[in-house]
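Novice: Have a peek at run16.pdb (PDB, C-alpha atoms).
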```
ATOM      1  CA  THR A  17       0.000   0.000   0.000
ATOM      2  CA  ASP A  18       2.828   2.409   0.892
ATOM      3  CA  LYS A  19       4.506   1.621  -2.414
ATOM      4  CA  ALA A  20       1.287   2.260  -4.330
ATOM      5  CA  ILE A  21       0.775   5.570  -2.514
ATOM      6  CA  LYS A  22       4.350   6.634  -3.273
ATOM      7  CA  GLU A  23       3.983   5.741  -6.956
ATOM      8  CA  ALA A  24       0.709   7.652  -7.172
ATOM      9  CA  VAL A  25       2.291  10.733  -5.569
ATOM     10  CA  GLU A  26       5.279  10.611  -7.935
ATOM     11  CA  GLU A  27       2.976  10.441 -10.953
ATOM     12  CA  VAL A  28       1.253  13.698 -10.006
ATOM     13  CA  GLN A  29       2.694  16.463 -12.170
ATOM     14  CA  PRO A  30       3.300  19.929 -10.643
ATOM     15  CA  VAL A  31       0.480  22.387 -11.238
ATOM     16  CA  LYS A  32       1.526  25.056 -13.753
ATOM     17  CA  LYS A  33      -0.199  28.297 -14.607
ATOM     18  CA  THR A  34       0.926  30.701 -17.301
ATOM     19  CA  ILE A  35       0.258  34.419 -16.803
ATOM     20  CA  LYS A  36       0.542  36.455 -19.989
ATOM     21  CA  ALA A  37       1.738  40.059 -20.065
ATOM     22  CA  GLY A  38      -1.199  42.420 -19.551
ATOM     23  CA  GLU A  39      -3.492  39.695 -18.256
ATOM     24  CA  ILE A  40      -5.771  40.798 -15.390
ATOM     25  CA  ILE A  41      -5.246  38.558 -12.370
ATOM     26  CA  VAL A  42      -7.905  40.110 -10.123
ATOM     27  CA  ARG A  43     -10.188  43.105 -10.608
ATOM     28  CA  GLU A  44     -10.697  45.831  -8.030
ATOM     29  CA  GLY A  45     -13.676  45.053  -5.795
ATOM     30  CA  ASP A  46     -13.713  41.309  -6.549
ATOM     31  CA  ARG A  47     -13.254  38.688  -3.846
ATOM     32  CA  VAL A  48      -9.687  37.336  -4.009
ATOM     33  CA  THR A  49      -9.322  33.581  -4.140
ATOM     34  CA  ALA A  50      -6.429  31.561  -2.667
ATOM     35  CA  GLU A  51      -5.252  30.767  -6.200
ATOM     36  CA  GLN A  52      -5.098  34.468  -7.126
ATOM     37  CA  ILE A  53      -3.137  35.250  -3.958
ATOM     38  CA  SER A  54      -0.689  32.483  -4.867
ATOM     39  CA  VAL A  55      -0.233  33.954  -8.359
ATOM     40  CA  LEU A  56       0.366  37.449  -6.933
ATOM     41  CA  GLU A  57       2.951  36.059  -4.504
ATOM     42  CA  GLN A  58       4.748  34.115  -7.241
ATOM     43  CA  LEU A  59       4.962  37.274  -9.366
ATOM     44  CA  GLY A  60       6.341  39.244  -6.411
ATOM     45  CA  ILE A  61       3.352  41.613  -6.362
ATOM     46  CA  GLN A  62       1.917  40.400  -3.060
ATOM     47  CA  ARG A  63       4.161  39.641  -0.110
ATOM     48  CA  THR A  64       3.447  36.770   2.230
ATOM     49  CA  LYS A  65       2.464  37.470   5.828
ATOM     50  CA  SER A  66       5.870  36.294   7.037
ATOM     51  CA  TYR A  67       7.794  38.707   4.781
ATOM     52  CA  PRO A  68       8.613  41.269   7.555
ATOM     53  CA  LEU A  69       9.964  38.449   9.719
ATOM     54  CA  THR A  70      12.009  37.126   6.788
ATOM     55  CA  LEU A  71      13.412  40.585   6.142
ATOM     56  CA  PHE A  72      14.254  41.009   9.838
ATOM     57  CA  GLY A  73      15.998  37.637   9.947
ATOM     58  CA  THR A  74      17.961  38.445   6.786
ATOM     59  CA  GLY A  75      19.100  41.719   8.313
ATOM     60  CA  ILE A  76      20.367  39.936  11.421
ATOM     61  CA  PHE A  77      22.203  37.393   9.267
ATOM     62  CA  VAL A  78      23.915  40.153   7.260
ATOM     63  CA  LEU A  79      24.982  41.972  10.439
ATOM     64  CA  LEU A  80      26.287  38.709  11.872
ATOM     65  CA  THR A  81      28.463  38.032   8.815
ATOM     66  CA  PHE A  82      29.696  41.652   8.875
ATOM     67  CA  TRP A  83      30.721  41.265  12.514
ATOM     68  CA  LEU A  84      32.419  37.916  11.889
ATOM     69  CA  THR A  85      34.416  39.346   8.977
ATOM     70  CA  LEU A  86      35.495  42.471  10.846
ATOM     71  CA  GLU A  87      36.441  40.462  13.929
ATOM     72  CA  PHE A  88      38.442  38.047  11.768
ATOM     73  CA  LEU A  89      40.303  40.970  10.192
ATOM     74  CA  ARG A  90      40.917  42.637  13.557
ATOM     75  CA  ARG A  91      42.414  39.482  15.045
ATOM     76  CA  TYR A  92      44.458  38.105  12.143
ATOM     77  CA  TYR A  93      44.874  40.922   9.575
ATOM     78  CA  LYS A  94      45.446  44.123  11.495
ATOM     79  CA  GLU A  95      46.985  45.885   8.489
ATOM     80  CA  ILE A  96      43.859  45.242   6.407
ATOM     81  CA  TYR A  97      41.557  46.121   9.322
ATOM     82  CA  ALA A  98      43.326  49.484   9.657
ATOM     83  CA  ASP A  99      43.083  50.248   5.925
ATOM     84  CA  ASP A 100      39.627  51.460   4.898
ATOM     85  CA  MET A 101      40.416  51.098   1.182
ATOM     86  CA  LEU A 102      41.262  47.401   1.569
ATOM     87  CA  LYS A 103      38.062  46.828   3.554
ATOM     88  CA  LEU A 104      36.181  48.618   0.786
ATOM     89  CA  LEU A 105      37.850  46.304  -1.740
ATOM     90  CA  ILE A 106      36.656  43.222   0.169
ATOM     91  CA  GLY A 107      33.121  44.577   0.363
ATOM     92  CA  LEU A 108      33.122  45.475  -3.324
ATOM     93  CA  ILE A 109      34.245  41.998  -4.414
ATOM     94  CA  VAL A 110      31.664  40.271  -2.208
ATOM     95  CA  ILE A 111      28.841  42.555  -3.387
ATOM     96  CA  ILE A 112      29.725  42.120  -7.084
ATOM     97  CA  VAL A 113      29.785  38.317  -6.758
ATOM     98  CA  LEU A 114      26.507  38.190  -4.827
ATOM     99  CA  LEU A 115      24.752  40.572  -7.238
ATOM    100  CA  ILE A 116      25.784  38.354 -10.163
ATOM    101  CA  THR A 117      24.601  35.316  -8.190
ATOM    102  CA  ARG A 118      21.247  36.953  -7.531
ATOM    103  CA  PHE A 119      20.877  37.861 -11.197
ATOM    104  CA  LEU A 120      21.652  34.291 -12.276
ATOM    105  CA  THR A 121      19.163  32.750  -9.826
ATOM    106  CA  ILE A 122      16.212  34.458 -11.526
ATOM    107  CA  ILE A 123      17.011  32.864 -14.908
ATOM    108  CA  ASN A 124      14.594  30.146 -16.033
ATOM    109  CA  ILE A 125      16.311  27.351 -17.952
ATOM    110  CA  SER A 126      13.401  24.897 -18.048
ATOM    111  CA  ASP A 127       9.662  24.536 -17.587
ATOM    112  CA  GLN A 128      10.343  22.083 -14.760
ATOM    113  CA  PRO A 129      10.773  23.774 -11.330
ATOM    114  CA  GLU A 130      13.253  21.145 -10.092
ATOM    115  CA  ILE A 131      15.530  21.811 -13.096
ATOM    116  CA  ASN A 132      15.213  25.571 -12.671
ATOM    117  CA  ALA A 133      16.288  25.220  -9.049
ATOM    118  CA  LEU A 134      19.662  23.806 -10.176
ATOM    119  CA  ILE A 135      20.654  27.305 -11.309
ATOM    120  CA  GLY A 136      21.948  27.706  -7.733
ATOM    121  CA  TYR A 137      24.999  25.698  -8.836
ATOM    122  CA  LEU A 138      25.905  28.590 -11.167
ATOM    123  CA  ALA A 139      26.904  31.002  -8.350
ATOM    124  CA  PRO A 140      30.427  32.227  -9.344
ATOM    125  CA  ILE A 141      31.870  32.236  -5.833
ATOM    126  CA  GLY A 142      35.197  31.034  -7.250
ATOM    127  CA  ALA A 143      35.679  34.402  -8.974
ATOM    128  CA  GLY A 144      35.432  36.286  -5.677
ATOM    129  CA  SER A 145      37.651  33.778  -3.889
ATOM    130  CA  MET A 146      40.409  34.053  -6.506
ATOM    131  CA  LEU A 147      40.239  37.852  -6.588
ATOM    132  CA  ILE A 148      40.670  38.057  -2.811
ATOM    133  CA  ALA A 149      43.499  35.497  -2.903
ATOM    134  CA  ILE A 150      45.358  37.372  -5.663
ATOM    135  CA  LEU A 151      44.798  40.918  -4.402
ATOM    136  CA  LEU A 152      44.958  40.355  -0.638
ATOM    137  CA  ASP A 153      45.699  36.986   0.954
ATOM    138  CA  SER A 154      44.893  33.332   0.288
ATOM    139  CA  ARG A 155      44.033  32.468   3.905
ATOM    140  CA  LEU A 156      41.637  35.397   4.090
ATOM    141  CA  ALA A 157      40.124  34.125   0.825
ATOM    142  CA  TYR A 158      39.271  30.768   2.457
ATOM    143  CA  PHE A 159      37.326  32.512   5.224
ATOM    144  CA  LEU A 160      35.455  34.827   2.846
ATOM    145  CA  THR A 161      34.685  31.890   0.560
ATOM    146  CA  MET A 162      32.788  30.322   3.452
ATOM    147  CA  ILE A 163      30.894  33.582   4.068
ATOM    148  CA  MET A 164      29.952  33.991   0.388
ATOM    149  CA  ALA A 165      28.890  30.334   0.185
ATOM    150  CA  LEU A 166      26.459  30.911   3.065
ATOM    151  CA  TYR A 167      24.917  33.785   1.125
ATOM    152  CA  VAL A 168      24.402  31.454  -1.838
ATOM    153  CA  GLY A 169      22.137  29.363   0.390
ATOM    154  CA  LEU A 170      20.246  32.521   1.335
ATOM    155  CA  LEU A 171      19.763  33.651  -2.272
ATOM    156  CA  THR A 172      18.715  30.335  -3.806
ATOM    157  CA  GLU A 173      15.749  28.015  -3.599
ATOM    158  CA  GLY A 174      15.627  24.241  -3.617
ATOM    159  CA  ASN A 175      18.370  22.195  -1.996
ATOM    160  CA  GLN A 176      20.285  25.153  -0.564
ATOM    161  CA  LEU A 177      22.741  23.024   1.436
ATOM    162  CA  PHE A 178      23.997  21.376  -1.771
ATOM    163  CA  TYR A 179      24.488  24.806  -3.390
ATOM    164  CA  VAL A 180      26.421  26.055  -0.363
ATOM    165  CA  ILE A 181      28.719  23.008  -0.387
ATOM    166  CA  THR A 182      29.368  23.281  -4.128
ATOM    167  CA  ALA A 183      30.076  27.018  -3.894
ATOM    168  CA  PHE A 184      32.497  26.452  -1.006
ATOM    169  CA  VAL A 185      34.349  23.616  -2.774
ATOM    170  CA  GLY A 186      34.620  25.561  -6.042
ATOM    171  CA  GLY A 187      35.842  28.706  -4.305
ATOM    172  CA  THR A 188      38.390  26.782  -2.234
ATOM    173  CA  VAL A 189      39.799  25.019  -5.312
ATOM    174  CA  GLY A 190      40.074  28.432  -6.992
ATOM    175  CA  VAL A 191      42.191  29.708  -4.099
ATOM    176  CA  PHE A 192      44.392  26.598  -4.337
ATOM    177  CA  ARG A 193      45.061  27.256  -8.023
ATOM    178  CA  VAL A 194      46.058  30.940  -7.678
ATOM    179  CA  TYR A 195      48.047  30.563  -4.449
ATOM    180  CA  LYS A 196      51.337  30.621  -6.382
ATOM    181  CA  LEU A 197      51.175  31.807  -9.988
ATOM    182  CA  SER A 198      54.061  31.203 -12.361
ATOM    183  CA  ALA A 199      52.361  32.343 -15.578
ATOM    184  CA  THR A 200      49.261  34.293 -16.594
ATOM    185  CA  SER A 201      47.929  31.139 -18.264
ATOM    186  CA  ASP A 202      47.436  29.723 -14.749
ATOM    187  CA  LEU A 203      44.465  32.091 -14.407
ATOM    188  CA  ALA A 204      42.642  30.435 -17.288
ATOM    189  CA  LYS A 205      43.563  26.959 -16.017
ATOM    190  CA  SER A 206      42.017  27.788 -12.645
ATOM    191  CA  GLY A 207      38.578  27.881 -14.270
ATOM    192  CA  LEU A 208      39.097  24.357 -15.582
ATOM    193  CA  TYR A 209      40.016  23.060 -12.122
ATOM    194  CA  ILE A 210      36.974  24.767 -10.585
ATOM    195  CA  ALA A 211      34.761  23.179 -13.246
ATOM    196  CA  ILE A 212      36.174  19.707 -12.478
ATOM    197  CA  ALA A 213      35.703  20.242  -8.730
ATOM    198  CA  ASN A 214      32.124  21.421  -9.300
ATOM    199  CA  ILE A 215      31.289  18.409 -11.465
ATOM    200  CA  ILE A 216      32.664  15.937  -8.905
ATOM    201  CA  THR A 217      30.857  17.710  -6.056
ATOM    202  CA  ILE A 218      27.535  17.888  -7.891
ATOM    203  CA  ILE A 219      27.676  14.193  -8.866
ATOM    204  CA  THR A 220      28.557  13.239  -5.281
ATOM    205  CA  LEU A 221      25.737  15.324  -3.808
ATOM    206  CA  SER A 222      23.306  13.985  -6.405
ATOM    207  CA  LEU A 223      24.120  10.441  -5.307
ATOM    208  CA  ILE A 224      23.559  11.438  -1.670
ATOM    209  CA  GLY A 225      20.273  13.227  -2.395
ATOM    210  CA  GLU A 226      16.937  11.615  -3.157
ATOM    211  CA  ASN A 227      14.785  11.649  -6.295
ATOM    212  CA  LEU A 228      17.836  11.671  -8.593
ATOM    213  CA  THR A 229      17.126  11.625 -12.324
ATOM    214  CA  TRP A 230      19.577  11.498 -15.205
ATOM    215  CA  LEU A 231      18.253  14.792 -16.564
ATOM    216  CA  MET A 232      18.810  16.608 -13.277
ATOM    217  CA  ALA A 233      22.283  15.082 -12.850
ATOM    218  CA  LEU A 234      23.389  16.011 -16.370
ATOM    219  CA  THR A 235      21.964  19.522 -16.038
ATOM    220  CA  GLY A 236      23.780  19.987 -12.725
ATOM    221  CA  VAL A 237      27.072  18.781 -14.239
ATOM    222  CA  LEU A 238      26.696  21.144 -17.210
ATOM    223  CA  ILE A 239      25.926  24.085 -14.920
ATOM    224  CA  GLY A 240      28.911  23.205 -12.713
ATOM    225  CA  ALA A 241      31.224  23.233 -15.747
ATOM    226  CA  ILE A 242      29.839  26.599 -16.900
ATOM    227  CA  ASN A 243      30.363  27.906 -13.355
ATOM    228  CA  GLY A 244      34.112  27.204 -13.522
ATOM    229  CA  ILE A 245      34.539  28.945 -16.870
ATOM    230  CA  LEU A 246      32.356  31.875 -15.781
ATOM    231  CA  SER A 247      34.359  32.297 -12.556
ATOM    232  CA  ALA A 248      37.661  32.463 -14.444
ATOM    233  CA  VAL A 249      36.283  34.902 -17.035
ATOM    234  CA  LEU A 250      34.878  37.220 -14.342
ATOM    235  CA  MET A 251      38.101  37.119 -12.332
ATOM    236  CA  ILE A 252      40.333  37.852 -15.336
ATOM    237  CA  GLY A 253      38.019  40.635 -16.533
ATOM    238  CA  VAL A 254      37.663  42.437 -13.188
ATOM    239  CA  LEU A 255      41.219  41.970 -11.858
ATOM    240  CA  PRO A 256      43.016  44.738 -13.849
ATOM    241  CA  TYR A 257      40.431  47.344 -12.855
ATOM    242  CA  LEU A 258      40.641  46.494  -9.150
ATOM    243  CA  GLU A 259      44.459  46.497  -9.293
ATOM    244  CA  THR A 260      44.458  49.967 -10.810
ATOM    245  CA  ALA A 261      41.660  51.419  -8.682
ATOM    246  CA  PHE A 262      43.170  50.269  -5.376
ATOM    247  CA  SER A 263      46.868  50.563  -6.374
ATOM    248  CA  ILE A 264      47.642  46.936  -5.542
ATOM    249  CA  THR A 265      50.661  45.102  -6.955
ATOM    250  CA  SER A 266      49.260  41.611  -7.311
ATOM    251  CA  MET A 267      50.896  38.406  -8.522
ATOM    252  CA  ILE A 268      49.644  39.234 -12.026
ATOM    253  CA  LYS A 269      51.355  42.621 -11.963
ATOM    254  CA  LEU A 270      54.567  40.957 -10.758
ATOM    255  CA  LEU A 271      54.386  38.507 -13.673
ATOM    256  CA  GLU A 272      54.099  41.476 -16.058
ATOM    257  CA  LEU A 273      57.097  43.146 -14.418
ATOM    258  CA  SER A 274      59.146  39.950 -14.723
ATOM    259  CA  ASN A 275      58.586  39.790 -18.479
ATOM    260  CA  PRO A 276      61.937  40.394 -20.254
ATOM    261  CA  ASN A 277      60.060  42.487 -22.838
ATOM    262  CA  HIS A 278      59.129  45.072 -20.197
ATOM    263  CA  TYR A 279      60.382  48.422 -21.502
ATOM    264  CA  LEU A 280      62.480  49.124 -18.397
ATOM    265  CA  LEU A 281      64.239  45.738 -18.519
ATOM    266  CA  ARG A 282      64.872  46.201 -22.232
ATOM    267  CA  ARG A 283      66.499  49.565 -21.493
ATOM    268  CA  LEU A 284      68.619  47.916 -18.804
ATOM    269  CA  LEU A 285      69.724  45.242 -21.290
ATOM    270  CA  LEU A 286      70.695  47.813 -23.937
ATOM    271  CA  GLU A 287      72.207  50.518 -21.731
ATOM    272  CA  ALA A 288      73.736  48.464 -18.883
ATOM    273  CA  PRO A 289      74.050  44.875 -20.158
ATOM    274  CA  GLY A 290      76.465  43.821 -17.414
ATOM    275  CA  THR A 291      74.034  44.936 -14.712
ATOM    276  CA  TYR A 292      71.179  43.197 -16.559
ATOM    277  CA  HIS A 293      72.881  39.806 -16.518
ATOM    278  CA  HIS A 294      73.978  40.357 -12.929
ATOM    279  CA  SER A 295      70.355  41.094 -11.945
ATOM    280  CA  LEU A 296      69.163  37.893 -13.634
ATOM    281  CA  MET A 297      71.671  35.844 -11.642
ATOM    282  CA  VAL A 298      70.690  37.557  -8.400
ATOM    283  CA  GLY A 299      67.037  36.903  -9.252
ATOM    284  CA  ASN A 300      67.623  33.169  -9.765
ATOM    285  CA  LEU A 301      69.604  32.850  -6.513
ATOM    286  CA  ALA A 302      67.091  34.881  -4.524
ATOM    287  CA  GLU A 303      64.121  32.946  -5.952
ATOM    288  CA  ALA A 304      65.660  29.616  -4.914
ATOM    289  CA  SER A 305      66.372  30.994  -1.440
ATOM    290  CA  ALA A 306      62.802  32.297  -1.098
ATOM    291  CA  GLU A 307      61.354  28.912  -2.047
ATOM    292  CA  SER A 308      63.495  27.147   0.554
ATOM    293  CA  ILE A 309      62.200  29.326   3.416
ATOM    294  CA  GLY A 310      58.586  29.643   2.267
ATOM    295  CA  ALA A 311      58.785  33.298   1.145
ATOM    296  CA  ASN A 312      57.187  34.682  -2.023
ATOM    297  CA  PRO A 313      59.650  33.652  -4.798
ATOM    298  CA  LEU A 314      58.007  35.763  -7.514
ATOM    299  CA  LEU A 315      58.164  38.946  -5.428
ATOM    300  CA  VAL A 316      61.819  38.303  -4.571
ATOM    301  CA  ARG A 317      62.743  37.570  -8.190
ATOM    302  CA  VAL A 318      61.098  40.727  -9.519
ATOM    303  CA  GLY A 319      62.712  42.781  -6.764
ATOM    304  CA  ALA A 320      66.104  41.389  -7.785
ATOM    305  CA  TYR A 321      65.487  42.243 -11.449
ATOM    306  CA  TYR A 322      64.934  45.908 -10.622
ATOM    307  CA  HIS A 323      67.260  46.361  -7.653
ATOM    308  CA  ASP A 324      69.974  47.993  -9.809
ATOM    309  CA  ILE A 325      67.660  49.713 -12.280
ATOM    310  CA  GLY A 326      69.237  53.090 -11.393
ATOM    311  CA  LYS A 327      72.352  52.076 -13.296
ATOM    312  CA  ILE A 328      70.490  52.920 -16.501
ATOM    313  CA  LYS A 329      71.136  56.532 -15.521
ATOM    314  CA  ARG A 330      74.347  56.063 -13.508
TER     315      ARG A 330
END
```
Write out the structure in this file as structure tokens.
Specialist:
Amino acid sequence: TDKAIKEAVEEVQPVKKTIKAGEIIVREGDRVTAEQISVLEQLGIQRTKSYPLTLFGTGIFVLLTFWLTLEFLRRYYKEIYADDMLKLLIGLIVIIVLLITRFLTIINISDQPEINALIGYLAPIGAGSMLIAILLDSRLAYFLTMIMALYVGLLTEGNQLFYVITAFVGGTVGVFRVYKLSATSDLAKSGLYIAIANIITIITLSLIGENLTWLMALTGVLIGAINGILSAVLMIGVLPYLETAFSITSMIKLLELSNPNHYLLRRLLLEAPGTYHHSLMVGNLAEASAESIGANPLLVRVGAYYHDIGKIKR
């Protein structure tokens, strides 16, 4: 009997109602039915009775995450906590990522509600995580990845826990991939690694969850792959503007400065060739030393390249 009941319930298709543009839902003075109220709520015209409580709870949650972030900065990153511009940078990155996430969650990709709900896997948290790791600090990026992942659960509908886990895993893998950059191509590769991590996570969570169908699994995998590519594209596109606006010398800027075709290094080669070759040797020695003690080898190498740049003039 239980099996028959379950099969009967699963055969019931979700009730769908199409509202055309300009269609009158309810006329002034008419009695409003429960169905009309439901339509108004779905269209965002009529709020539910619990909306003020929801808004109040959301406000508390936002304040709580603000306090946690500021306290984390005060305890472990005093230099960032004391710099208002760097705090503004963190807030700007988080807001941009969450606004894009919110925009993506309102996109309808299917007539089936359960497929539409999978759009939560598209949240590009990895882009924010990589930007924070490149511009500020990788350990701080791990913490803020967790905060942004929690907001994904707040902004999405459906199985929010699965979306939070996927966002956290994707963002964390992004931080792993940009922790030490050796070439600008590593930025593009990071999107591929995020996509792979998303696909594995989504498949794993789909196996854990109930009511799994091949269509939902394949859609989730496709969205996870798009997420990785989208995260890398957003990060690469926004990074130069944030570097310039906040005067930050990131790993990407250091890679540009280490390019032998940089106009200043080319001048050094032509006008003081002995110093140029000496600087290259110092750079190689210093980079190896930095790696052995856990310092930033790229920063040390670039510093060595330019440490005698004044010999162009004297």
Novice: By how many Å are CA of Val185 in chain A and CA of Thr229 in chain A apart?
Specialist: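 Pair CA of Val185 in chain A / CA of Thr229 in chain A returns 23.1 Å.
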Novice: Enter the distance from CA of Thr161 in chain A to CA of Ile96 in chain A, in Å, rounded to one decimal.
Specialist: 17.2 Å
Novice: Can you pull out the residues contacting Lys36 in chain A? Cut-off 12 Å, using all atoms listed in the file, and skip same-chain residues under 5 positions away; I want them as a tab-separated table (two decimals) with C-alpha atoms, in the coordinates of the input.
Specialist:
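The resulting part_32.tsv:
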```
chain	number	residue	atom	x	y	z
A	41	ILE	CA	-5.25	38.56	-12.37
A	55	VAL	CA	-0.23	33.95	-8.36
A	59	LEU	CA	4.96	37.27	-9.37
```
Novice: Applying 12 Å and all atoms listed in the file, which residues near Leu246 in chain A remain after dropping the ones on its own chain fewer than 4 positions away? List them as a PyMOL selection string.
Specialist: chain A and resi 113+116-117+120+137-144+186+204+206-208+210-211+239-242+250-253
Novice: Choose the residue, out of A:Ala261, A:Phe184, A:Ile245, A:His293, that has the smallest atom-to-atom separation from Tyr167 in chain A; count only C-alpha atoms.
Specialist: A:Phe184
Novice: Since I can't run it myself right now, could you work out what the PyMOL selection byres ((chain A and resi 197) around 10) selects here and report it as a PyMOL selection string?
Specialist: chain A and resi 150+193-196+198-203+267-268+270-271+314
Novice: Determine the residue set returned by the PyMOL selection byres ((chain A and resi 136) around 10) for the present structure, and present it as a list in words.
Specialist: Thr117, Arg118, Leu120, Thr121, Ile122, Asn132, Ala133, Leu134, Ile135, Tyr137, Leu138, Ala139, Pro140, Val168, Gly169, Leu171, Thr172, Glu173, Gly174, Asn175, Gln176, Phe178, Tyr179, Val180, Thr182, Ala183, Gly236, Ile239 and Gly240 of chain A
